[in-house]
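Asker: So that we are looking at the same thing, I have put the structure below in structure tokens.
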Amino acid sequence: MDSITLRRPDDWHLHLRDGAMLAGIAPESARHFGRAIIMPNLVPPVVTGAQAQAYRDRITAALPADSGFTPLMTLYLTEESDPADIIAAHQSGLVTAVKLYPAGATTNSTSGVRDFDKVRPVLEAMAEHGIPLCVHGEVVDSDVDIFDREAVFIDRVLDPIRRRTPGLRVIMEHITTRQGVDYARAGGDDLGATITTHHLVINRNAILVGGIKPHYYCLPVAKREEHRLALRAAATSGDASFFLGTDSAPHTDPLKENACGCAGCFTATNTMSILAEVFEQENALDRLEAFASLNGPAFYRLPANETRVTLTKGDPVSYPAKIDTGDGPVTVFDPMMPLHWRVG
Ligand code: NCD
Ligand code: ZN
């Protein structure tokens with residue numbers, strides 16, 4: 001197969017940032033994707049409908065003319081979030097989902113949730129109104145090893161929340177473990193999971209072998225090889241529970257190449273080429289459309305995109321090593337393998 005045509009893909013987990021960074025990186029996603037779920041972890045976070053409206057306007061202003069790209073907004077859940085504001089923002093069409101960060105789990109998550117009982121009324125209201133909850137699924141307890149934080153979160157937090165909130169639609173975001181795959185697969189129609197591009201490519205050796213490699217450090221951190229293989233099997237299975245959320249998360253090089261480097265891999269630029277390579281390696285190119293273009297909209301109860309993109313195979317494609325933004329350079333994720341599939 002030398003070319004494949006897909007419905008235009010969507011990105012169900014994306015960081016677009018703000019200001020000069022937003023202006024510099026938004027075109028990278030708009031070039032390839034029809035829609036994206038936009039993460040609300042700005043400083044300060046996007047908590048209210050009014051803040052989401054203002055942020056969406058800034059994103060729209062940063063997009064190239066006629067990009068055809070639609071940002072799907074999320075609200076950042078805090079212990080003080082107002083259920084009435086969330087419901088109104090969802091019913092007006094402004095907000096697609098709500099994001100739960102355990103406080104301290106990742107970049108800009110200090111306003112997240114410490115006591116999950118405090119958000120119970122909000123979650124019950126969301127279940128009643130069909131508002132999806134996007135979950136960063138890691139515990140933050142200092143006695144839990146960072147490589148175990150996702151599996152422990154499923155047992156201690158996610159499963160209890162789902163049991164006591166029937167009907168709550170949950171997306172396990174950027175799963176990185178076999179346990180995440182197994183839980184999502186068994187979870188029924190109200191549970192979905194996104195998988196990033198980079199977690200299909202790297203395991204934890206990429207970060208730590210032969211010197212410390214900050215551009216492969218993200219959260220949740222990449223795990224052992226057995227987990228990467230479970231993620232690849234899930235993504236390429238066609239199972240409707242699994243869909244693409246790149247978690248493309250730009251930080252400038254000085255913030256990554258630092259004694260306390262920021263977490264995040266920036267994959268917006270080359271994601272579709274990488275995914276085609278991965279799916280070809282797994283003899284599953286015919287399932288790429290399900291993962292990147294069909295399963296996500298089906299979970300979010302939105303139509304798939306009507307327009308199409310064609311990927312063609314040829315000599316290795318090169319992408320820029322960095323994207324220059326007004327805030328500084330951002331290194332593009334290096335998949336450490338030649339990429340033969342180009343978009344268009
Ligand atoms: C994200 C960021 O930089 O905002 N970082 C990351 O490593 N993925 C936050 C997140 O999604 O956890
Ligand atoms: Zn993220």
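Each chain of the structure tokens is named A, B, ... in the order shown, its residues numbered from 1; ligands are numbered from 1 in display order.
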Throw together the list of residues within 7 Å of ligand 2, counting only C-alpha atoms and all ligand atoms, and drop it here as a ChimeraX atom specification.
Answerer: /A:13-15,39,247-249
Asker: Find the residues near ligand 1. Use a cut-off of 7 Å, count only C-alpha atoms and all ligand atoms, and write them as a list in words.
Answerer: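 Going residue by residue within 7 Å of ligand 1, we get His15, Asn41, Thr106, Thr107, Asn108, His136, Tyr217, Cys218, Leu219, Pro220, Asp247, Ala249, Pro250, His251, Cys262, Ala263, Gly264 and Cys265 of chain A.
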Asker: Considering only C-alpha atoms, state which residue in the set A:Ala65, A:Met126, A:Val139, A:Ala222 is at the smallest distance from A:Ala103.
Answerer: A:Val139
Asker: One decimal, Å: what's the distance from atom CA of A:Ala290 over to atom CA of A:Asp189, could you say?
Answerer: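 Going from atom CA of A:Ala290 over to atom CA of A:Asp189 covers 16.0 Å.
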Asker: Give the helix (DSSP H, G or I) residues of stretch 112-259 of chain A, as assigned by DSSP on the backbone, as number ranges by chain.
Answerer: A: 116-129, 146-164, 178-185, 198-201, 205-208, 214-216, 225-235, 253-256
Asker: Need to verify the contact set: A:Asp11, 9 Å, only C-alpha atoms, exclusion of same-chain residues closer than 3 positions in sequence. Can you return it as an NGL selection string?
Answerer: :A and (14 or 29 or 33-38 or 243-247 or 292-293 or 296)
Asker: May I ask which of the residues A:Arg301, A:His340, A:Lys223, A:Arg7 is the closest one to A:Leu275, counting only C-alpha atoms?
Answerer: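 Using only C-alpha atoms, A:Leu275 sits closest to A:His340.
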Asker: Given only C-alpha atoms, how would the per-residue table for stretch 33-128 of chain A near stretch 140-160 of chain A read, listing every residue at most 12 Å away with its closest atom pair and distance in Å to one decimal, sorted by chain and number, as JSON lines?
Answerer:
```
{"residue": "A:Leu100", "atom": "CA", "partner": "A:Leu158", "partner_atom": "CA", "distance": 10.9}
{"residue": "A:Tyr101", "atom": "CA", "partner": "A:Val140", "partner_atom": "CA", "distance": 10.4}
{"residue": "A:Pro102", "atom": "CA", "partner": "A:Val140", "partner_atom": "CA", "distance": 7.3}
{"residue": "A:Ala103", "atom": "CA", "partner": "A:Val140", "partner_atom": "CA", "distance": 7.7}
{"residue": "A:Gly104", "atom": "CA", "partner": "A:Val140", "partner_atom": "CA", "distance": 6.6}
{"residue": "A:Ala105", "atom": "CA", "partner": "A:Val140", "partner_atom": "CA", "distance": 5.7}
{"residue": "A:Thr106", "atom": "CA", "partner": "A:Val140", "partner_atom": "CA", "distance": 9.2}
{"residue": "A:Ser109", "atom": "CA", "partner": "A:Val140", "partner_atom": "CA", "distance": 11.1}
{"residue": "A:Thr110", "atom": "CA", "partner": "A:Val140", "partner_atom": "CA", "distance": 11.5}
{"residue": "A:Gly112", "atom": "CA", "partner": "A:Val140", "partner_atom": "CA", "distance": 11.4}
{"residue": "A:Val113", "atom": "CA", "partner": "A:Val140", "partner_atom": "CA", "distance": 10.9}
{"residue": "A:Arg114", "atom": "CA", "partner": "A:Val140", "partner_atom": "CA", "distance": 9.5}
{"residue": "A:Asp115", "atom": "CA", "partner": "A:Val157", "partner_atom": "CA", "distance": 10.4}
{"residue": "A:Phe116", "atom": "CA", "partner": "A:Val157", "partner_atom": "CA", "distance": 8.0}
{"residue": "A:Asp117", "atom": "CA", "partner": "A:Val157", "partner_atom": "CA", "distance": 10.4}
{"residue": "A:Arg120", "atom": "CA", "partner": "A:Pro160", "partner_atom": "CA", "distance": 11.3}
```
Asker: Can you spit out the residues from that selection as a PDB file, in the first residue's frame, using N, CA and C atoms?
Answerer:
```pdb
ATOM      1  N   LEU A 100     -10.129  16.848  34.767  1.00  0.00           N
ATOM      2  CA  LEU A 100      -9.755  16.597  36.163  1.00  0.00           C
ATOM      3  C   LEU A 100      -8.252  16.351  36.258  1.00  0.00           C
ATOM      4  N   TYR A 101      -7.572  17.263  36.960  1.00  0.00           N
ATOM      5  CA  TYR A 101      -6.165  17.050  37.318  1.00  0.00           C
ATOM      6  C   TYR A 101      -6.084  16.818  38.817  1.00  0.00           C
ATOM      7  N   PRO A 102      -5.519  15.693  39.259  1.00  0.00           N
ATOM      8  CA  PRO A 102      -5.182  15.614  40.676  1.00  0.00           C
ATOM      9  C   PRO A 102      -4.156  16.718  40.962  1.00  0.00           C
ATOM     10  N   ALA A 103      -4.342  17.462  42.055  1.00  0.00           N
ATOM     11  CA  ALA A 103      -3.435  18.581  42.343  1.00  0.00           C
ATOM     12  C   ALA A 103      -1.998  18.091  42.398  1.00  0.00           C
ATOM     13  N   GLY A 104      -1.125  18.745  41.639  1.00  0.00           N
ATOM     14  CA  GLY A 104       0.304  18.428  41.682  1.00  0.00           C
ATOM     15  C   GLY A 104       0.735  17.308  40.754  1.00  0.00           C
ATOM     16  N   ALA A 105      -0.202  16.759  39.933  1.00  0.00           N
ATOM     17  CA  ALA A 105       0.165  15.597  39.119  1.00  0.00           C
ATOM     18  C   ALA A 105       1.060  15.972  37.942  1.00  0.00           C
ATOM     19  N   THR A 106       0.908  17.201  37.413  1.00  0.00           N
ATOM     20  CA  THR A 106       1.635  17.522  36.183  1.00  0.00           C
ATOM     21  C   THR A 106       1.779  19.031  36.038  1.00  0.00           C
ATOM     22  N   SER A 109      -0.776  22.151  37.529  1.00  0.00           N
ATOM     23  CA  SER A 109      -1.925  21.450  38.108  1.00  0.00           C
ATOM     24  C   SER A 109      -2.147  21.798  39.574  1.00  0.00           C
ATOM     25  N   THR A 110      -1.548  22.880  40.047  1.00  0.00           N
ATOM     26  CA  THR A 110      -1.686  23.196  41.481  1.00  0.00           C
ATOM     27  C   THR A 110      -3.124  23.515  41.863  1.00  0.00           C
ATOM     28  N   GLY A 112      -5.650  21.905  40.879  1.00  0.00           N
ATOM     29  CA  GLY A 112      -6.451  20.697  40.684  1.00  0.00           C
ATOM     30  C   GLY A 112      -7.053  20.176  41.977  1.00  0.00           C
ATOM     31  N   VAL A 113      -7.588  18.960  41.899  1.00  0.00           N
ATOM     32  CA  VAL A 113      -8.394  18.421  42.999  1.00  0.00           C
ATOM     33  C   VAL A 113      -7.513  17.663  43.992  1.00  0.00           C
ATOM     34  N   ARG A 114      -7.674  17.991  45.297  1.00  0.00           N
ATOM     35  CA  ARG A 114      -6.982  17.260  46.368  1.00  0.00           C
ATOM     36  C   ARG A 114      -7.910  16.231  46.988  1.00  0.00           C
ATOM     37  N   ASP A 115      -9.150  16.673  47.250  1.00  0.00           N
ATOM     38  CA  ASP A 115     -10.127  15.822  47.936  1.00  0.00           C
ATOM     39  C   ASP A 115     -11.241  15.507  46.928  1.00  0.00           C
ATOM     40  N   PHE A 116     -11.254  14.268  46.437  1.00  0.00           N
ATOM     41  CA  PHE A 116     -12.190  13.935  45.351  1.00  0.00           C
ATOM     42  C   PHE A 116     -13.648  13.978  45.824  1.00  0.00           C
ATOM     43  N   ASP A 117     -13.883  13.866  47.126  1.00  0.00           N
ATOM     44  CA  ASP A 117     -15.263  13.986  47.641  1.00  0.00           C
ATOM     45  C   ASP A 117     -15.823  15.385  47.402  1.00  0.00           C
ATOM     46  N   ARG A 120     -17.699  15.736  44.133  1.00  0.00           N
ATOM     47  CA  ARG A 120     -18.763  14.760  43.885  1.00  0.00           C
ATOM     48  C   ARG A 120     -20.036  15.391  43.306  1.00  0.00           C
TER      49      ARG A 120
END
```
